[in-house]
Amino acid sequence: GISYADAGRIAAQAEAAGFDGIFFVELRGNNDALAAAQCAATSTSTIKVGTNIVNAYMRHPSQLAAQAIAVDEVSGGRLVLGIGASHKRRVESLGQQWLPPVDLLSETTRVLRAAFAGEGADGGAIGRRAQHLVPIHWAGVSQATIQAAGRDSDGLMMFLATEQSVRTACADFHASPDRKPVSLLTPVFLCEDIEAGYRAARGYLSYYAVMPVY
C-alpha cells in the first residue's frame, strides 16, 4: 500500500482537484485507516477525511474513540468515522468470537458517542471530548444491518454492491425519517500494464468472491 506520507500528499492533491472527501480502508491488517486519515487531515484544510472502514473488532471502542477524537481535533471537525464488523472468516482467523454485526456496531456506537461527549465506558468523565460532531457511518451488507444503520448510525457505507442492491439498501435505510448519506466503495485498479491490472484485480476480488455475503 501507499505510505502514510503519501496519504497526506494524495489528500492534498484531491483537495486541490475539488474532491469532497478522501477515505481510507483497512485490509488484512496492512493499514491503520485512522492514522492515514490523520495524515490526510494535517495536509489539508477543507476536504473531509474518513475511514471506510475501521474494523470494530480490532480496537476496543474506548481506544477507537480516543483515536477518533484526535483526528477530529486535528482536522477541525472534518472526520467521518466509518465502522464495520468485517466478516466472520476474517474475525475468526484473528481468534475472536464472531458476534451479530448489529449487536457489535450498536454497542460500539454507544461507547463512541458517550466518549465523544466526554464520558468513559464506566460512566466517569474521561477529561476530553470531541470538539465537533463526529458522524458515525456503518458498513452494511445484510438487510438487518442496513435497517439498524438507518436507526442507529449517521450514514451507510456499502461495498461491492450492484446497482439493484444499492437501490434496495437505500429503500431499507431510508425507512427512517432522516435522509442520511449512503456511499458505495468500488475498487478501481489503475495500471499502465493492463495484464498487471487484471492480476491485481483478480487477487483482490478473489478474497471476497468466496464469501457468501458478497
# chains A, B, ... in the order shown; residues from 1 in each chain; ligands from 1
>>> residues_around(residues="Gly124 in chain A", least_positions_apart="6", cutoff="12 Å", atoms="only C-alpha atoms", output="PyMOL selection string")
chain A and resi 114-115+117-118
>>> closest_atom_pairs(of="range 153-189 of chain A", to="range 44-58 of chain A", cutoff="10 Å", atoms="only C-alpha atoms", output="Markdown table")
| residue | atom | partner | partner_atom | distance |
| --- | --- | --- | --- | --- |
| A:Met157 | CA | A:Asn52 | CA | 7.2 |
| A:Met158 | CA | A:Asn52 | CA | 9.1 |
| A:Phe159 | CA | A:Asn52 | CA | 9.3 |
| A:Ser183 | CA | A:Asn52 | CA | 9.5 |
| A:Leu184 | CA | A:Asn52 | CA | 9.6 |
| A:Leu185 | CA | A:Asn52 | CA | 7.8 |
>>> residues_around(residues="Leu112 in chain A", least_positions_apart="2", cutoff="12 Å", atoms="only C-alpha atoms", output="JSON, numbers by chain")
{"A": [56, 59, 60, 61, 62, 63, 64, 65, 66, 67, 68, 69, 81, 82, 83, 105, 106, 107, 108, 109, 110, 114, 115, 116, 117, 118, 119, 120, 121, 129, 130, 133, 134, 135, 136, 137, 153]}
>>> closest_residue(among="A:Val71, A:Ala196, A:Ala209, A:Val80", to="Gly155 in chain A", atoms="only C-alpha atoms")
A:Val80
>>> select_by_dssp(residues="range 99-202 of chain A", states="strand (DSSP E)", output="compact mmCIF listing (two decimals) with all heavy atoms, in the first residue's frame")
# COMPACT_ATOMS: atom_id res chain seq x y z
N ILE A 136 -20.93 8.93 12.60
CA ILE A 136 -20.55 7.52 12.61
C ILE A 136 -21.36 6.81 11.53
O ILE A 136 -22.59 6.73 11.59
CB ILE A 136 -20.83 6.88 13.98
CG1 ILE A 136 -20.06 7.61 15.08
CG2 ILE A 136 -20.46 5.40 13.96
CD1 ILE A 136 -20.46 7.18 16.49
N HIS A 137 -20.67 6.30 10.52
CA HIS A 137 -21.31 5.56 9.44
C HIS A 137 -21.04 4.07 9.62
O HIS A 137 -19.94 3.68 10.01
CB HIS A 137 -20.78 6.01 8.08
CG HIS A 137 -21.17 7.41 7.71
ND1 HIS A 137 -21.18 7.87 6.40
CD2 HIS A 137 -21.59 8.45 8.47
CE1 HIS A 137 -21.58 9.13 6.38
NE2 HIS A 137 -21.83 9.52 7.62
N TRP A 138 -22.05 3.27 9.33
CA TRP A 138 -21.90 1.82 9.45
C TRP A 138 -21.68 1.19 8.08
O TRP A 138 -22.32 1.59 7.09
CB TRP A 138 -23.17 1.20 10.02
CG TRP A 138 -23.39 1.38 11.48
CD1 TRP A 138 -22.75 2.27 12.31
CD2 TRP A 138 -24.35 0.69 12.28
NE1 TRP A 138 -23.26 2.16 13.58
CE2 TRP A 138 -24.23 1.20 13.59
CE3 TRP A 138 -25.28 -0.30 12.01
CZ2 TRP A 138 -25.03 0.73 14.64
CZ3 TRP A 138 -26.09 -0.76 13.04
CH2 TRP A 138 -25.95 -0.26 14.35
N ALA A 139 -20.81 0.20 8.04
CA ALA A 139 -20.75 -0.68 6.87
C ALA A 139 -21.96 -1.61 6.94
O ALA A 139 -22.25 -2.17 8.00
CB ALA A 139 -19.46 -1.49 6.88
N GLY A 155 -24.96 7.28 8.85
CA GLY A 155 -24.77 7.07 7.43
C GLY A 155 -24.49 5.61 7.15
O GLY A 155 -24.17 4.83 8.06
N LEU A 156 -24.60 5.23 5.89
CA LEU A 156 -24.39 3.84 5.47
C LEU A 156 -23.27 3.77 4.45
O LEU A 156 -23.22 4.57 3.51
CB LEU A 156 -25.68 3.28 4.86
CG LEU A 156 -25.61 1.87 4.25
CD1 LEU A 156 -25.37 0.83 5.35
CD2 LEU A 156 -26.90 1.55 3.48
N MET A 157 -22.36 2.81 4.61
CA MET A 157 -21.27 2.57 3.68
C MET A 157 -21.41 1.17 3.10
O MET A 157 -21.40 0.19 3.85
CB MET A 157 -19.92 2.73 4.37
CG MET A 157 -19.60 4.15 4.77
SD MET A 157 -18.02 4.30 5.64
CE MET A 157 -17.73 6.08 5.52
N MET A 158 -21.55 1.05 1.78
CA MET A 158 -21.70 -0.23 1.12
C MET A 158 -20.42 -0.57 0.37
O MET A 158 -19.57 0.29 0.10
CB MET A 158 -22.90 -0.21 0.18
CG MET A 158 -24.21 0.11 0.86
SD MET A 158 -25.64 -0.09 -0.23
CE MET A 158 -25.66 -1.89 -0.42
N PHE A 159 -20.31 -1.85 -0.01
CA PHE A 159 -19.08 -2.34 -0.65
C PHE A 159 -19.43 -3.46 -1.61
O PHE A 159 -20.22 -4.35 -1.28
CB PHE A 159 -18.11 -2.84 0.43
CG PHE A 159 -16.84 -3.44 -0.10
CD1 PHE A 159 -15.99 -2.72 -0.93
CD2 PHE A 159 -16.48 -4.74 0.25
CE1 PHE A 159 -14.82 -3.28 -1.41
CE2 PHE A 159 -15.30 -5.30 -0.22
CZ PHE A 159 -14.47 -4.57 -1.05
N VAL A 182 -25.65 7.78 2.00
CA VAL A 182 -25.29 6.41 1.62
C VAL A 182 -24.13 6.50 0.63
O VAL A 182 -24.18 7.27 -0.32
CB VAL A 182 -26.47 5.67 0.96
CG1 VAL A 182 -26.04 4.28 0.49
CG2 VAL A 182 -27.65 5.58 1.92
N SER A 183 -23.08 5.74 0.87
CA SER A 183 -21.93 5.73 -0.04
C SER A 183 -21.65 4.30 -0.50
O SER A 183 -22.06 3.34 0.15
CB SER A 183 -20.69 6.32 0.65
OG SER A 183 -20.32 5.54 1.78
N LEU A 184 -20.95 4.19 -1.61
CA LEU A 184 -20.59 2.88 -2.17
C LEU A 184 -19.10 2.87 -2.46
O LEU A 184 -18.60 3.71 -3.21
CB LEU A 184 -21.37 2.61 -3.45
CG LEU A 184 -20.96 1.35 -4.24
CD1 LEU A 184 -21.21 0.09 -3.41
CD2 LEU A 184 -21.71 1.28 -5.57
N LEU A 185 -18.39 1.92 -1.85
CA LEU A 185 -16.96 1.73 -2.11
C LEU A 185 -16.81 0.73 -3.24
O LEU A 185 -17.22 -0.42 -3.14
CB LEU A 185 -16.26 1.21 -0.85
CG LEU A 185 -14.79 0.81 -0.99
CD1 LEU A 185 -13.94 1.99 -1.45
CD2 LEU A 185 -14.25 0.25 0.32
>>> residues_around(residues="Tyr207 in chain A", least_positions_apart="4", cutoff="12 Å", atoms="only C-alpha atoms", output="PDB file with all heavy atoms, in the first residue's frame")
ATOM      1  N   LEU A  27      -7.200  -3.302   5.217  1.00  0.00           N
ATOM      2  CA  LEU A  27      -7.282  -4.598   4.547  1.00  0.00           C
ATOM      3  C   LEU A  27      -6.287  -5.560   5.175  1.00  0.00           C
ATOM      4  O   LEU A  27      -5.079  -5.383   5.073  1.00  0.00           O
ATOM      5  CB  LEU A  27      -6.974  -4.441   3.053  1.00  0.00           C
ATOM      6  CG  LEU A  27      -6.936  -5.730   2.230  1.00  0.00           C
ATOM      7  CD1 LEU A  27      -8.325  -6.371   2.210  1.00  0.00           C
ATOM      8  CD2 LEU A  27      -6.466  -5.456   0.809  1.00  0.00           C
ATOM      9  N   ARG A  28      -6.817  -6.554   5.871  1.00  0.00           N
ATOM     10  CA  ARG A  28      -5.995  -7.625   6.431  1.00  0.00           C
ATOM     11  C   ARG A  28      -4.810  -7.103   7.255  1.00  0.00           C
ATOM     12  O   ARG A  28      -3.704  -7.633   7.217  1.00  0.00           O
ATOM     13  CB  ARG A  28      -5.500  -8.548   5.324  1.00  0.00           C
ATOM     14  CG  ARG A  28      -6.610  -9.433   4.770  1.00  0.00           C
ATOM     15  CD  ARG A  28      -6.148 -10.245   3.580  1.00  0.00           C
ATOM     16  NE  ARG A  28      -6.446  -9.555   2.340  1.00  0.00           N
ATOM     17  CZ  ARG A  28      -6.179 -10.049   1.132  1.00  0.00           C
ATOM     18  NH1 ARG A  28      -5.609 -11.215   1.011  1.00  0.00           N
ATOM     19  NH2 ARG A  28      -6.499  -9.372   0.057  1.00  0.00           N
ATOM     20  N   HIS A  87     -15.900  -9.437   8.509  1.00  0.00           N
ATOM     21  CA  HIS A  87     -16.671 -10.625   8.142  1.00  0.00           C
ATOM     22  C   HIS A  87     -16.202 -11.804   8.990  1.00  0.00           C
ATOM     23  O   HIS A  87     -15.123 -11.793   9.586  1.00  0.00           O
ATOM     24  CB  HIS A  87     -16.534 -10.939   6.654  1.00  0.00           C
ATOM     25  CG  HIS A  87     -15.118 -10.890   6.166  1.00  0.00           C
ATOM     26  ND1 HIS A  87     -14.237 -11.932   6.332  1.00  0.00           N
ATOM     27  CD2 HIS A  87     -14.420  -9.909   5.545  1.00  0.00           C
ATOM     28  CE1 HIS A  87     -13.060 -11.607   5.816  1.00  0.00           C
ATOM     29  NE2 HIS A  87     -13.141 -10.396   5.333  1.00  0.00           N
ATOM     30  N   ARG A  89     -15.142 -14.851   8.548  1.00  0.00           N
ATOM     31  CA  ARG A  89     -13.886 -15.535   8.241  1.00  0.00           C
ATOM     32  C   ARG A  89     -12.694 -14.759   8.774  1.00  0.00           C
ATOM     33  O   ARG A  89     -11.794 -15.332   9.390  1.00  0.00           O
ATOM     34  CB  ARG A  89     -13.785 -15.713   6.729  1.00  0.00           C
ATOM     35  CG  ARG A  89     -12.460 -16.273   6.216  1.00  0.00           C
ATOM     36  CD  ARG A  89     -12.460 -16.292   4.697  1.00  0.00           C
ATOM     37  NE  ARG A  89     -11.161 -16.578   4.139  1.00  0.00           N
ATOM     38  CZ  ARG A  89     -10.843 -16.430   2.861  1.00  0.00           C
ATOM     39  NH1 ARG A  89     -11.764 -16.013   2.013  1.00  0.00           N
ATOM     40  NH2 ARG A  89      -9.641 -16.699   2.428  1.00  0.00           N
ATOM     41  N   ARG A  90     -12.681 -13.454   8.552  1.00  0.00           N
ATOM     42  CA  ARG A  90     -11.578 -12.622   8.995  1.00  0.00           C
ATOM     43  C   ARG A  90     -11.509 -12.564  10.521  1.00  0.00           C
ATOM     44  O   ARG A  90     -10.439 -12.703  11.122  1.00  0.00           O
ATOM     45  CB  ARG A  90     -11.746 -11.207   8.420  1.00  0.00           C
ATOM     46  CG  ARG A  90     -10.817 -10.157   8.999  1.00  0.00           C
ATOM     47  CD  ARG A  90      -9.379 -10.414   8.653  1.00  0.00           C
ATOM     48  NE  ARG A  90      -8.527  -9.324   9.100  1.00  0.00           N
ATOM     49  CZ  ARG A  90      -7.254  -9.457   9.401  1.00  0.00           C
ATOM     50  NH1 ARG A  90      -6.666 -10.629   9.294  1.00  0.00           N
ATOM     51  NH2 ARG A  90      -6.540  -8.432   9.792  1.00  0.00           N
ATOM     52  N   ALA A 200      -3.922  -7.835 -10.400  1.00  0.00           N
ATOM     53  CA  ALA A 200      -4.198  -7.175  -9.124  1.00  0.00           C
ATOM     54  C   ALA A 200      -5.677  -7.271  -8.771  1.00  0.00           C
ATOM     55  O   ALA A 200      -6.035  -7.544  -7.616  1.00  0.00           O
ATOM     56  CB  ALA A 200      -3.768  -5.713  -9.204  1.00  0.00           C
ATOM     57  N   ALA A 201      -6.529  -7.077  -9.769  1.00  0.00           N
ATOM     58  CA  ALA A 201      -7.972  -7.152  -9.528  1.00  0.00           C
ATOM     59  C   ALA A 201      -8.393  -8.557  -9.126  1.00  0.00           C
ATOM     60  O   ALA A 201      -9.173  -8.746  -8.192  1.00  0.00           O
ATOM     61  CB  ALA A 201      -8.730  -6.702 -10.770  1.00  0.00           C
ATOM     62  N   ARG A 202      -7.862  -9.572  -9.841  1.00  0.00           N
ATOM     63  CA  ARG A 202      -8.225 -10.955  -9.508  1.00  0.00           C
ATOM     64  C   ARG A 202      -7.766 -11.308  -8.099  1.00  0.00           C
ATOM     65  O   ARG A 202      -8.500 -11.951  -7.349  1.00  0.00           O
ATOM     66  CB  ARG A 202      -7.606 -11.912 -10.524  1.00  0.00           C
ATOM     67  CG  ARG A 202      -8.337 -11.967 -11.864  1.00  0.00           C
ATOM     68  CD  ARG A 202      -7.873 -13.149 -12.700  1.00  0.00           C
ATOM     69  NE  ARG A 202      -6.489 -12.993 -13.126  1.00  0.00           N
ATOM     70  CZ  ARG A 202      -6.123 -12.452 -14.275  1.00  0.00           C
ATOM     71  NH1 ARG A 202      -7.036 -12.004 -15.120  1.00  0.00           N
ATOM     72  NH2 ARG A 202      -4.845 -12.364 -14.610  1.00  0.00           N
ATOM     73  N   GLY A 203      -6.547 -10.894  -7.754  1.00  0.00           N
ATOM     74  CA  GLY A 203      -6.041 -11.202  -6.419  1.00  0.00           C
ATOM     75  C   GLY A 203      -6.867 -10.561  -5.323  1.00  0.00           C
ATOM     76  O   GLY A 203      -7.116 -11.163  -4.273  1.00  0.00           O
ATOM     77  N   MET A 211     -16.882 -15.484  -0.245  1.00  0.00           N
ATOM     78  CA  MET A 211     -17.727 -15.180   0.915  1.00  0.00           C
ATOM     79  C   MET A 211     -19.187 -15.082   0.489  1.00  0.00           C
ATOM     80  O   MET A 211     -19.537 -14.295  -0.393  1.00  0.00           O
ATOM     81  CB  MET A 211     -17.289 -13.854   1.567  1.00  0.00           C
ATOM     82  CG  MET A 211     -15.858 -13.859   2.043  1.00  0.00           C
ATOM     83  SD  MET A 211     -15.416 -12.257   2.747  1.00  0.00           S
ATOM     84  CE  MET A 211     -13.622 -12.451   2.821  1.00  0.00           C
ATOM     85  N   PRO A 212     -20.054 -15.880   1.099  1.00  0.00           N
ATOM     86  CA  PRO A 212     -21.479 -15.870   0.710  1.00  0.00           C
ATOM     87  C   PRO A 212     -22.126 -14.498   0.789  1.00  0.00           C
ATOM     88  O   PRO A 212     -23.046 -14.198   0.024  1.00  0.00           O
ATOM     89  CB  PRO A 212     -22.114 -16.846   1.705  1.00  0.00           C
ATOM     90  CG  PRO A 212     -20.994 -17.736   2.139  1.00  0.00           C
ATOM     91  CD  PRO A 212     -19.760 -16.870   2.136  1.00  0.00           C
ATOM     92  N   TYR A 214     -21.121 -11.721  -0.144  1.00  0.00           N
ATOM     93  CA  TYR A 214     -20.928 -10.946  -1.358  1.00  0.00           C
ATOM     94  C   TYR A 214     -21.421 -11.697  -2.594  1.00  0.00           C
ATOM     95  O   TYR A 214     -21.432 -11.160  -3.665  1.00  0.00           O
ATOM     96  CB  TYR A 214     -19.455 -10.575  -1.537  1.00  0.00           C
ATOM     97  CG  TYR A 214     -18.952  -9.646  -0.464  1.00  0.00           C
ATOM     98  CD1 TYR A 214     -18.034 -10.076   0.488  1.00  0.00           C
ATOM     99  CD2 TYR A 214     -19.434  -8.335  -0.392  1.00  0.00           C
ATOM    100  CE1 TYR A 214     -17.588  -9.207   1.488  1.00  0.00           C
ATOM    101  CE2 TYR A 214     -18.995  -7.479   0.605  1.00  0.00           C
ATOM    102  CZ  TYR A 214     -18.078  -7.919   1.538  1.00  0.00           C
ATOM    103  OH  TYR A 214     -17.641  -7.072   2.526  1.00  0.00           O
TER     104      TYR A 214
END
>>> atom_distance(atom1="CA of Pro181 in chain A", atom2="CA of Glu163 in chain A")
16.2 Å
>>> select_by_dssp(residues="chain A", states="helix (DSSP H, G or I)", output="PyMOL selection string")
chain A and resi 4-16+33-42+61-75+88-93+101-116+143-152+163-173+194-209
>>> atom_distance(atom1="CA of Ala171 in chain A", atom2="CA of Val111 in chain A")
28.0 Å
